[in-house]
file run-v2.cif (mmCIF, C-alpha atoms)
data_protein
#
loop_
_atom_site.label_atom_id
_atom_site.label_comp_id
_atom_site.auth_asym_id
_atom_site.auth_seq_id
_atom_site.Cartn_x
_atom_site.Cartn_y
_atom_site.Cartn_z
CA MET K 1 -32.24 22.92 1.82
CA LEU K 2 -32.24 26.37 0.24
CA VAL K 3 -34.61 26.40 -2.74
CA LEU K 4 -34.14 28.99 -5.49
CA THR K 5 -35.81 29.31 -8.85
CA ARG K 6 -33.62 30.37 -11.77
CA LYS K 7 -34.18 31.08 -15.42
CA VAL K 8 -31.79 30.06 -18.17
CA HIS K 9 -28.53 32.03 -17.95
CA GLN K 10 -29.13 32.96 -14.32
CA SER K 11 -26.59 31.92 -11.67
CA ILE K 12 -26.22 30.87 -8.09
CA VAL K 13 -23.11 31.79 -6.13
CA ILE K 14 -21.99 29.52 -3.30
CA GLY K 15 -19.50 30.72 -0.70
CA GLU K 16 -16.45 32.40 -2.17
CA GLY K 17 -15.75 31.49 -5.75
CA ILE K 18 -18.29 28.80 -6.59
CA GLU K 19 -20.84 29.63 -9.23
CA VAL K 20 -23.53 27.46 -10.80
CA VAL K 21 -25.10 28.71 -14.04
CA VAL K 22 -28.19 27.33 -15.76
CA LEU K 23 -26.97 27.05 -19.35
CA GLU K 24 -29.89 25.36 -21.03
CA VAL K 25 -33.17 23.70 -20.26
CA ARG K 26 -34.33 21.10 -22.73
CA GLY K 27 -37.35 19.03 -21.81
CA GLU K 28 -36.49 17.22 -18.58
CA GLN K 29 -32.80 17.98 -18.77
CA VAL K 30 -31.05 20.95 -17.25
CA ARG K 31 -27.54 21.74 -18.39
CA LEU K 32 -25.50 23.36 -15.64
CA GLY K 33 -22.15 25.13 -15.79
CA ILE K 34 -20.01 25.11 -12.66
CA ARG K 35 -17.17 27.45 -11.85
CA ALA K 36 -15.18 26.45 -8.80
CA PRO K 37 -11.62 26.79 -7.49
CA LYS K 38 -9.26 24.07 -8.72
CA ASP K 39 -9.14 22.38 -5.37
CA VAL K 40 -12.90 21.86 -5.15
CA THR K 41 -14.25 18.63 -6.64
CA VAL K 42 -17.61 18.51 -8.38
CA HIS K 43 -19.38 15.21 -9.05
CA ARG K 44 -22.67 13.92 -10.35
CA LYS K 45 -24.31 12.69 -7.18
CA GLU K 46 -25.32 9.27 -8.45
CA VAL K 47 -21.71 8.37 -9.38
CA TYR K 48 -20.63 9.27 -5.87
CA GLN K 49 -23.41 7.11 -4.44
CA GLN K 50 -22.53 4.19 -6.69
CA ILE K 51 -18.92 4.34 -5.55
CA HIS K 52 -20.06 4.42 -1.94
CA GLU K 53 -22.16 1.35 -2.67
CA GLU K 54 -19.26 -0.52 -4.31
CA ASN K 55 -16.99 0.33 -1.38
CA ARG K 56 -19.59 -1.02 1.00
CA SER K 57 -19.84 -4.16 -1.09
CA ALA K 58 -16.05 -4.60 -1.15
CA SER K 59 -16.02 -4.37 2.65
CA GLU K 60 -18.52 -7.24 2.88
CA VAL K 61 -16.68 -9.77 0.71
CA ARG K 62 -15.99 -12.98 2.59
CA PRO K 63 -12.34 -14.09 2.34
CA GLU K 64 -13.51 -17.62 1.43
CA ASP K 65 -15.25 -16.27 -1.69
CA VAL K 66 -12.05 -14.80 -3.11
CA PRO K 67 -10.78 -16.96 -6.02
CA GLY K 68 -7.33 -18.51 -5.81
CA MET F 69 10.56 4.13 13.67
CA ASN F 70 11.18 0.48 12.73
CA GLU F 71 9.46 -0.84 15.79
CA THR F 72 6.84 -3.48 14.98
CA HIS F 73 3.30 -2.69 16.05
CA LEU F 74 0.62 -5.33 16.44
CA PHE F 75 -3.00 -4.93 15.40
CA GLU F 76 -5.79 -7.44 15.85
CA THR F 77 -8.05 -7.77 12.81
CA THR F 78 -11.28 -9.79 12.68
CA ARG F 79 -10.54 -11.59 9.39
CA PHE F 80 -6.79 -12.11 9.55
CA GLY F 81 -5.95 -12.33 13.20
CA THR F 82 -3.07 -10.28 14.57
CA VAL F 83 -0.92 -8.51 12.00
CA GLY F 84 2.45 -6.91 12.60
CA TYR F 85 3.47 -3.73 10.83
CA ILE F 86 5.94 -0.87 10.95
CA ASP F 87 5.16 2.84 10.50
CA SER F 88 6.15 2.91 6.84
CA ASP F 89 3.59 0.18 6.06
CA VAL F 90 0.73 2.53 6.94
CA VAL F 91 -1.19 4.20 4.08
CA THR F 92 -3.20 7.27 5.05
CA LEU F 93 -6.30 8.47 3.22
CA ALA F 94 -6.97 12.01 4.45
CA ASP F 95 -10.59 11.89 3.29
CA GLY F 96 -10.99 8.14 3.72
CA LEU F 97 -12.80 6.12 1.08
CA VAL F 98 -16.08 7.45 -0.34
CA GLY F 99 -18.71 6.82 2.31
CA PHE F 100 -16.09 6.04 4.98
CA PRO F 101 -14.63 9.46 5.83
CA ASP F 102 -13.82 8.63 9.46
CA HIS F 103 -11.35 5.86 8.69
CA GLN F 104 -8.03 7.13 7.41
CA ARG F 105 -5.27 4.69 8.34
CA TYR F 106 -4.87 1.43 6.48
CA LEU F 107 -2.56 -1.48 5.82
CA ILE F 108 -2.41 -3.34 2.53
CA LEU F 109 -2.39 -7.08 3.16
CA CYS F 110 -1.87 -9.81 0.57
CA HIS F 111 -4.79 -12.22 0.29
CA LYS F 112 -2.47 -15.16 -0.37
CA PRO F 113 1.03 -15.40 -1.81
CA ASP F 114 0.87 -14.91 -5.62
CA SER F 115 -2.74 -13.73 -5.40
CA PRO F 116 -3.77 -10.63 -7.40
CA PHE F 117 -6.04 -9.70 -4.51
CA ARG F 118 -5.19 -7.51 -1.55
CA TRP F 119 -7.10 -6.32 1.47
CA LEU F 120 -7.19 -2.69 2.48
CA GLN F 121 -7.40 -3.26 6.22
CA SER F 122 -8.43 -0.37 8.44
CA LEU F 123 -6.16 0.36 11.38
CA ASP F 124 -8.96 2.33 13.02
CA GLU F 125 -11.55 -0.45 12.93
CA PRO F 126 -10.60 -4.17 13.14
CA GLN F 127 -13.73 -5.32 11.27
CA LEU F 128 -13.29 -2.99 8.31
CA ALA F 129 -11.39 -4.30 5.31
CA PHE F 130 -11.96 -3.82 1.59
CA LEU F 131 -11.07 -6.35 -1.10
CA ILE F 132 -8.95 -4.59 -3.73
CA THR F 133 -6.92 -5.55 -6.79
CA ASP F 134 -4.59 -3.94 -9.30
CA PRO F 135 -6.86 -3.25 -12.31
CA ALA F 136 -3.94 -3.89 -14.68
CA ASN F 137 -4.39 -7.59 -13.87
CA TRP F 138 -7.83 -7.55 -15.46
CA VAL F 139 -8.03 -4.53 -17.80
CA PRO F 140 -4.58 -3.89 -19.29
CA THR F 141 -5.79 -0.78 -21.16
CA TYR F 142 -7.19 0.87 -18.02
CA ALA F 143 -5.95 4.46 -17.93
CA PRO F 144 -7.99 6.70 -15.65
CA LYS F 145 -7.57 10.42 -16.25
CA VAL F 146 -6.89 12.36 -13.08
CA ASP F 147 -8.47 15.79 -13.38
CA ASP F 148 -6.81 19.07 -12.40
CA ALA F 149 -8.77 19.56 -9.19
CA GLU F 150 -7.69 16.16 -7.93
CA VAL F 151 -4.06 16.77 -8.85
CA GLU F 152 -4.14 20.07 -7.00
CA ARG F 153 -5.70 18.58 -3.90
CA PHE F 154 -3.52 15.54 -3.82
CA GLY F 155 -0.27 17.11 -4.97
CA LEU F 156 0.47 14.41 -7.52
CA THR F 157 3.07 15.06 -10.22
CA ASP F 158 3.88 13.05 -13.33
CA SER F 159 6.96 11.63 -11.67
CA THR F 160 5.30 10.54 -8.43
CA PRO F 161 5.62 6.78 -8.05
CA ARG F 162 2.13 5.46 -7.55
CA LEU F 163 0.00 2.35 -7.24
CA VAL F 164 -3.56 2.05 -8.45
CA TYR F 165 -6.08 -0.29 -6.88
CA VAL F 166 -9.78 -0.78 -7.45
CA THR F 167 -12.35 -2.29 -5.10
CA VAL F 168 -13.72 -5.75 -5.78
CA SER F 169 -17.27 -6.97 -5.13
CA ILE F 170 -18.07 -10.67 -4.93
CA PRO F 171 -21.65 -11.70 -4.07
CA PRO F 172 -21.52 -14.40 -1.38
CA GLY F 173 -20.84 -17.81 -2.95
CA GLN F 174 -20.73 -16.39 -6.50
CA PRO F 175 -17.12 -15.77 -7.54
CA ASP F 176 -18.17 -15.72 -11.22
CA GLU F 177 -20.19 -12.60 -10.54
CA MET F 178 -17.14 -10.68 -9.35
CA THR F 179 -17.02 -7.03 -10.41
CA ILE F 180 -14.41 -4.31 -10.00
CA ASN F 181 -15.08 -0.59 -9.66
CA LEU F 182 -13.21 1.17 -12.45
CA ALA F 183 -14.92 4.51 -11.77
CA GLY F 184 -13.49 4.90 -8.28
CA PRO F 185 -9.78 3.99 -8.40
CA ILE F 186 -7.62 4.33 -5.30
CA LEU F 187 -4.39 6.12 -6.07
CA ILE F 188 -1.48 5.59 -3.68
CA ASP F 189 1.50 7.95 -3.54
CA LEU F 190 4.30 5.54 -2.66
CA GLU F 191 6.70 8.23 -1.46
CA ARG F 192 4.42 9.96 0.99
CA ARG F 193 2.37 6.82 1.80
CA ILE F 194 -0.88 8.68 1.27
CA ALA F 195 -3.80 7.76 -0.91
CA ILE F 196 -6.99 9.12 -2.39
CA GLN F 197 -10.05 7.53 -3.95
CA LEU F 198 -10.86 9.27 -7.21
CA VAL F 199 -14.39 9.77 -8.49
CA LEU F 200 -13.82 9.73 -12.23
CA GLN F 201 -15.54 12.55 -14.07
CA ASP F 202 -15.97 10.97 -17.45
CA GLU F 203 -18.30 8.09 -17.99
CA THR F 204 -15.83 5.84 -19.79
CA TYR F 205 -15.52 3.44 -16.89
CA THR F 206 -18.18 1.59 -14.96
CA THR F 207 -18.53 0.95 -11.23
CA LYS F 208 -19.41 -2.67 -12.00
CA HIS F 209 -16.94 -4.12 -14.48
CA ARG F 210 -17.50 -7.86 -14.83
CA VAL F 211 -14.22 -9.67 -14.65
CA PHE F 212 -15.35 -13.07 -15.89
CA PRO F 213 -17.43 -13.44 -19.05
CA GLN F 214 -21.07 -14.08 -18.37
CA ALA F 215 -21.87 -17.80 -18.43
CA ASN F 216 -23.96 -18.76 -21.45
CA ARG F 217 -27.50 -19.25 -20.41
CA VAL F 218 -28.83 -22.64 -21.33
CA SER F 219 -32.47 -22.54 -22.27
CA ALA F 220 -34.67 -25.41 -21.32
CA VAL F 221 -36.10 -27.04 -24.42
CA ALA F 222 -39.59 -28.40 -24.22
CA VAL F 223 -39.55 -31.99 -25.30
#

call {"tool": "encode", "arguments": {"input": "run-v2.cif", "output": "structure tokens"}}
result
Amino acid sequence: MLVLTRKVHQSIVIGEGIEVVVLEVRGEQVRLGIRAPKDVTVHRKEVYQQIHEENRSASEVRPEDVPG
Amino acid sequence: MNETHLFETTRFGTVGYIDSDVVTLADGLVGFPDHQRYLILCHKPDSPFRWLQSLDEPQLAFLITDPANWVPTYAPKVDDAEVERFGLTDSTPRLVYVTVSIPPGQPDEMTINLAGPILIDLERRIAIQLVLQDETYTTKHRVFPQANRVSAVAV
């Protein structure tokens, strides 16, 4: 993992056309702004992980447990 | 093109299908990027449940359902990046499914994932699983109301 230290209002540029800006730091929270091309998706990691987990769970359902 | 293919699944035995039955997810489902080709099988006639059965892996199948059966007001917003990537327009005929989790032996604890809907483009027979940006919808929406807990009363 590349580790960089930034101050508020400083940016990181990733590849061609992706920029992450530190907008605000308040206590334990960091507010980030992300500029990326329209075809690039950006997600909070934990939502992605939760969806992965639900998919996994849906793949383990036993047909006999399905109502009806 | 209309030739019937046969595929042996672990849960449902051998299923027959034709090419236009196949739904392709270019990126797969979240966490399952290597499996792209699927069939949608009915659980039972008149059942609201379907199975998204992998054509790449006989053991892999996901329980899914149309969220409109359970949450009539469900209206996920598809953001611009997704539209661009997927090539969806307002007039594209589409189906929406969500995954269903049922803990073994506990059908009352069934939940559906409203934050990760699967959008199917019926014309091109391709699909994508969206990761919804806003936090309106939960990954674990309880379908049945929670049973009232009965407290034991000391006599």

call {"tool": "closest_residue", "arguments": {"input": "run-v2.cif", "among": "K:Glu16, K:Glu64, K:Glu28, K:Asp39", "to": "chain F", "atoms": "only C-alpha atoms"}}
result
K:Asp39

call {"tool": "resolve_selection", "arguments": {"input": "run-v2.cif", "expression": "the PyMOL selection byres ((chain F) within 6 of (chain K))", "output": "short mmCIF file (atom, residue, chain, number, x, y, z; two decimals) with C-alpha atoms, in the frame of the given file"}}
result
data_model
loop_
_atom_site.label_atom_id
_atom_site.label_comp_id
_atom_site.auth_asym_id
_atom_site.auth_seq_id
_atom_site.Cartn_x
_atom_site.Cartn_y
_atom_site.Cartn_z
CA VAL F 98 -16.08 7.45 -0.34
CA GLY F 99 -18.71 6.82 2.31
CA ALA F 129 -11.39 -4.30 5.31
CA PHE F 130 -11.96 -3.82 1.59
CA LEU F 131 -11.07 -6.35 -1.10
CA ALA F 149 -8.77 19.56 -9.19
CA GLU F 152 -4.14 20.07 -7.00
CA ARG F 153 -5.70 18.58 -3.90
CA THR F 167 -12.35 -2.29 -5.10
CA VAL F 168 -13.72 -5.75 -5.78
CA SER F 169 -17.27 -6.97 -5.13
CA ILE F 170 -18.07 -10.67 -4.93
CA GLY F 173 -20.84 -17.81 -2.95
#

call {"tool": "resolve_selection", "arguments": {"input": "run-v2.cif", "expression": "the PyMOL selection byres ((chain F and resi 79-89) around 12)", "output": "JSON, numbers by chain"}}
result
{"K": [59, 60, 61, 62, 63, 64], "F": [69, 70, 71, 72, 73, 74, 75, 76, 77, 78, 90, 91, 92, 105, 106, 107, 108, 109, 110, 111, 112, 119, 120, 121, 122, 123, 125, 126, 127, 128, 129, 130, 131, 190, 191, 192, 193, 194]}

call {"tool": "write_last_selection", "arguments": {"input": "run-v2.cif", "atoms": "C-alpha atoms", "output": "PDB file, in the coordinates of the input"}}
result
ATOM      1  CA  SER K  59     -16.020  -4.370   2.650  1.00  0.00           C
ATOM      2  CA  GLU K  60     -18.520  -7.240   2.880  1.00  0.00           C
ATOM      3  CA  VAL K  61     -16.680  -9.770   0.710  1.00  0.00           C
ATOM      4  CA  ARG K  62     -15.990 -12.980   2.590  1.00  0.00           C
ATOM      5  CA  PRO K  63     -12.340 -14.090   2.340  1.00  0.00           C
ATOM      6  CA  GLU K  64     -13.510 -17.620   1.430  1.00  0.00           C
TER       7      GLU K  64
ATOM      8  CA  MET F  69      10.560   4.130  13.670  1.00  0.00           C
ATOM      9  CA  ASN F  70      11.180   0.480  12.730  1.00  0.00           C
ATOM     10  CA  GLU F  71       9.460  -0.840  15.790  1.00  0.00           C
ATOM     11  CA  THR F  72       6.840  -3.480  14.980  1.00  0.00           C
ATOM     12  CA  HIS F  73       3.300  -2.690  16.050  1.00  0.00           C
ATOM     13  CA  LEU F  74       0.620  -5.330  16.440  1.00  0.00           C
ATOM     14  CA  PHE F  75      -3.000  -4.930  15.400  1.00  0.00           C
ATOM     15  CA  GLU F  76      -5.790  -7.440  15.850  1.00  0.00           C
ATOM     16  CA  THR F  77      -8.050  -7.770  12.810  1.00  0.00           C
ATOM     17  CA  THR F  78     -11.280  -9.790  12.680  1.00  0.00           C
ATOM     18  CA  VAL F  90       0.730   2.530   6.940  1.00  0.00           C
ATOM     19  CA  VAL F  91      -1.190   4.200   4.080  1.00  0.00           C
ATOM     20  CA  THR F  92      -3.200   7.270   5.050  1.00  0.00           C
ATOM     21  CA  ARG F 105      -5.270   4.690   8.340  1.00  0.00           C
ATOM     22  CA  TYR F 106      -4.870   1.430   6.480  1.00  0.00           C
ATOM     23  CA  LEU F 107      -2.560  -1.480   5.820  1.00  0.00           C
ATOM     24  CA  ILE F 108      -2.410  -3.340   2.530  1.00  0.00           C
ATOM     25  CA  LEU F 109      -2.390  -7.080   3.160  1.00  0.00           C
ATOM     26  CA  CYS F 110      -1.870  -9.810   0.570  1.00  0.00           C
ATOM     27  CA  HIS F 111      -4.790 -12.220   0.290  1.00  0.00           C
ATOM     28  CA  LYS F 112      -2.470 -15.160  -0.370  1.00  0.00           C
ATOM     29  CA  TRP F 119      -7.100  -6.320   1.470  1.00  0.00           C
ATOM     30  CA  LEU F 120      -7.190  -2.690   2.480  1.00  0.00           C
ATOM     31  CA  GLN F 121      -7.400  -3.260   6.220  1.00  0.00           C
ATOM     32  CA  SER F 122      -8.430  -0.370   8.440  1.00  0.00           C
ATOM     33  CA  LEU F 123      -6.160   0.360  11.380  1.00  0.00           C
ATOM     34  CA  GLU F 125     -11.550  -0.450  12.930  1.00  0.00           C
ATOM     35  CA  PRO F 126     -10.600  -4.170  13.140  1.00  0.00           C
ATOM     36  CA  GLN F 127     -13.730  -5.320  11.270  1.00  0.00           C
ATOM     37  CA  LEU F 128     -13.290  -2.990   8.310  1.00  0.00           C
ATOM     38  CA  ALA F 129     -11.390  -4.300   5.310  1.00  0.00           C
ATOM     39  CA  PHE F 130     -11.960  -3.820   1.590  1.00  0.00           C
ATOM     40  CA  LEU F 131     -11.070  -6.350  -1.100  1.00  0.00           C
ATOM     41  CA  LEU F 190       4.300   5.540  -2.660  1.00  0.00           C
ATOM     42  CA  GLU F 191       6.700   8.230  -1.460  1.00  0.00           C
ATOM     43  CA  ARG F 192       4.420   9.960   0.990  1.00  0.00           C
ATOM     44  CA  ARG F 193       2.370   6.820   1.800  1.00  0.00           C
ATOM     45  CA  ILE F 194      -0.880   8.680   1.270  1.00  0.00           C
TER      46      ILE F 194
END

call {"tool": "residues_around", "arguments": {"input": "run-v2.cif", "residues": "Val30 in chain K", "least_positions_apart": "2", "cutoff": "12 Å", "atoms": "only C-alpha atoms", "output": "list in words"}}
result
Arg6, Lys7, Val8, His9, Val20, Val21, Val22, Leu23, Glu24, Val25, Arg26, Gly27, Glu28, Leu32 and Gly33 of chain K

call {"tool": "atom_distance", "arguments": {"input": "run-v2.cif", "atom1": "CA of Phe100 in chain F", "atom2": "CA of Phe212 in chain F"}}
result
28.3 Å

call {"tool": "resolve_selection", "arguments": {"input": "run-v2.cif", "expression": "the PyMOL selection byres ((chain F and resi 199) around 7)", "output": "PyMOL selection string"}}
result
(chain K and resi 48) or (chain F and resi 183-184+197-198+200-201)

call {"tool": "write_last_selection", "arguments": {"input": "run-v2.cif", "atoms": "C-alpha atoms", "output": "PDB file, in the coordinates of the input"}}
result
ATOM      1  CA  TYR K  48     -20.630   9.270  -5.870  1.00  0.00           C
TER       2      TYR K  48
ATOM      3  CA  ALA F 183     -14.920   4.510 -11.770  1.00  0.00           C
ATOM      4  CA  GLY F 184     -13.490   4.900  -8.280  1.00  0.00           C
ATOM      5  CA  GLN F 197     -10.050   7.530  -3.950  1.00  0.00           C
ATOM      6  CA  LEU F 198     -10.860   9.270  -7.210  1.00  0.00           C
ATOM      7  CA  LEU F 200     -13.820   9.730 -12.230  1.00  0.00           C
ATOM      8  CA  GLN F 201     -15.540  12.550 -14.070  1.00  0.00           C
TER       9      GLN F 201
END

call {"tool": "atom_distance", "arguments": {"input": "run-v2.cif", "atom1": "CA of Ala94 in chain F", "atom2": "CA of Ile132 in chain F"}}
result
18.6 Å

call {"tool": "axis_aligned_box", "arguments": {"input": "run-v2.cif", "around": "range 47-53 of chain K", "padding_each_side": "6 Å", "output": "JSON"}}
result
{"center_x": -21.2, "center_y": 5.3, "center_z": -5.7, "size_x": 16.5, "size_y": 19.9, "size_z": 19.4}

call {"tool": "atom_distance", "arguments": {"input": "run-v2.cif", "atom1": "CA of Glu177 in chain F", "atom2": "CA of His209 in chain F"}}
result
9.9 Å

call {"tool": "residues_around", "arguments": {"input": "run-v2.cif", "residues": "Asp134 in chain F", "least_positions_apart": "2", "cutoff": "8 Å", "atoms": "all atoms listed in the file", "output": "list of chain:residue names"}}
result
F:Pro116, F:Phe117, F:Ile132, F:Ala136, F:Asn137, F:Trp138, F:Val164, F:Tyr165, F:Val166

call {"tool": "write_last_selection", "arguments": {"input": "run-v2.cif", "atoms": "C-alpha atoms", "output": "compact mmCIF listing (two decimals), keeping the file's coordinate frame"}}
result
# COMPACT_ATOMS: atom_id res chain seq x y z
CA PRO F 116 -3.77 -10.63 -7.40
CA PHE F 117 -6.04 -9.70 -4.51
CA ILE F 132 -8.95 -4.59 -3.73
CA ALA F 136 -3.94 -3.89 -14.68
CA ASN F 137 -4.39 -7.59 -13.87
CA TRP F 138 -7.83 -7.55 -15.46
CA VAL F 164 -3.56 2.05 -8.45
CA TYR F 165 -6.08 -0.29 -6.88
CA VAL F 166 -9.78 -0.78 -7.45

call {"tool": "closest_residue", "arguments": {"input": "run-v2.cif", "among": "F:Ser115, F:Thr160, F:Asn181, F:Thr133", "to": "Tyr205 in chain F", "atoms": "all atoms listed in the file"}}
result
F:Asn181

call {"tool": "build_atoms", "arguments": {"input": "run-v2.cif", "residues": "range 29-58 of chain K", "atoms": "N, CA and C atoms", "output": "tab-separated table (two decimals), in the frame of the given file"}}
result
chain	number	residue	atom	x	y	z
K	29	GLN	N	-34.22	17.84	-19.11
K	29	GLN	CA	-32.80	17.98	-18.77
K	29	GLN	C	-32.42	19.43	-18.55
K	30	VAL	N	-31.60	19.63	-17.54
K	30	VAL	CA	-31.05	20.95	-17.25
K	30	VAL	C	-29.55	20.87	-17.41
K	31	ARG	N	-28.99	21.73	-18.23
K	31	ARG	CA	-27.54	21.74	-18.39
K	31	ARG	C	-26.97	22.84	-17.50
K	32	LEU	N	-26.07	22.43	-16.61
K	32	LEU	CA	-25.50	23.36	-15.64
K	32	LEU	C	-24.02	23.58	-15.90
K	33	GLY	N	-23.58	24.83	-15.72
K	33	GLY	CA	-22.15	25.13	-15.79
K	33	GLY	C	-21.67	25.44	-14.39
K	34	ILE	N	-20.51	24.89	-14.02
K	34	ILE	CA	-20.01	25.11	-12.66
K	34	ILE	C	-18.63	25.72	-12.69
K	35	ARG	N	-18.50	26.85	-12.02
K	35	ARG	CA	-17.17	27.45	-11.85
K	35	ARG	C	-16.79	27.27	-10.40
K	36	ALA	N	-15.62	26.68	-10.18
K	36	ALA	CA	-15.18	26.45	-8.80
K	36	ALA	C	-13.66	26.50	-8.76
K	37	PRO	N	-13.09	26.82	-7.60
K	37	PRO	CA	-11.62	26.79	-7.49
K	37	PRO	C	-11.10	25.40	-7.81
K	38	LYS	N	-9.86	25.34	-8.28
K	38	LYS	CA	-9.26	24.07	-8.72
K	38	LYS	C	-9.28	23.00	-7.65
K	39	ASP	N	-9.26	23.41	-6.41
K	39	ASP	CA	-9.14	22.38	-5.37
K	39	ASP	C	-10.50	21.89	-4.87
K	40	VAL	N	-11.56	22.33	-5.53
K	40	VAL	CA	-12.90	21.86	-5.15
K	40	VAL	C	-13.37	20.83	-6.17
K	41	THR	N	-13.79	19.66	-5.70
K	41	THR	CA	-14.25	18.63	-6.64
K	41	THR	C	-15.76	18.74	-6.83
K	42	VAL	N	-16.19	18.45	-8.03
K	42	VAL	CA	-17.61	18.51	-8.38
K	42	VAL	C	-17.99	17.18	-9.02
K	43	HIS	N	-19.00	16.53	-8.50
K	43	HIS	CA	-19.38	15.21	-9.05
K	43	HIS	C	-20.87	15.13	-9.28
K	44	ARG	N	-21.27	14.30	-10.24
K	44	ARG	CA	-22.67	13.92	-10.35
K	44	ARG	C	-22.96	13.07	-9.12
K	45	LYS	N	-24.04	13.37	-8.45
K	45	LYS	CA	-24.31	12.69	-7.18
K	45	LYS	C	-24.43	11.18	-7.31
K	46	GLU	N	-25.09	10.72	-8.38
K	46	GLU	CA	-25.32	9.27	-8.45
K	46	GLU	C	-24.01	8.50	-8.61
K	47	VAL	N	-23.00	9.07	-9.26
K	47	VAL	CA	-21.71	8.37	-9.38
K	47	VAL	C	-21.09	8.22	-7.99
K	48	TYR	N	-21.15	9.28	-7.23
K	48	TYR	CA	-20.63	9.27	-5.87
K	48	TYR	C	-21.33	8.18	-5.05
K	49	GLN	N	-22.63	8.11	-5.19
K	49	GLN	CA	-23.41	7.11	-4.44
K	49	GLN	C	-23.08	5.69	-4.89
K	50	GLN	N	-22.89	5.53	-6.19
K	50	GLN	CA	-22.53	4.19	-6.69
K	50	GLN	C	-21.18	3.75	-6.15
K	51	ILE	N	-20.24	4.69	-6.07
K	51	ILE	CA	-18.92	4.34	-5.55
K	51	ILE	C	-19.01	4.00	-4.08
K	52	HIS	N	-19.82	4.73	-3.35
K	52	HIS	CA	-20.06	4.42	-1.94
K	52	HIS	C	-20.59	3.00	-1.82
K	53	GLU	N	-21.54	2.67	-2.67
K	53	GLU	CA	-22.16	1.35	-2.67
K	53	GLU	C	-21.14	0.25	-2.98
K	54	GLU	N	-20.29	0.47	-3.96
K	54	GLU	CA	-19.26	-0.52	-4.31
K	54	GLU	C	-18.25	-0.67	-3.18
K	55	ASN	N	-17.91	0.42	-2.52
K	55	ASN	CA	-16.99	0.33	-1.38
K	55	ASN	C	-17.62	-0.53	-0.29
K	56	ARG	N	-18.88	-0.28	-0.04
K	56	ARG	CA	-19.59	-1.02	1.00
K	56	ARG	C	-19.57	-2.51	0.66
K	57	SER	N	-19.83	-2.79	-0.60
K	57	SER	CA	-19.84	-4.16	-1.09
K	57	SER	C	-18.46	-4.82	-0.95
K	58	ALA	N	-17.42	-4.07	-1.25
K	58	ALA	CA	-16.05	-4.60	-1.15
K	58	ALA	C	-15.69	-4.88	0.31
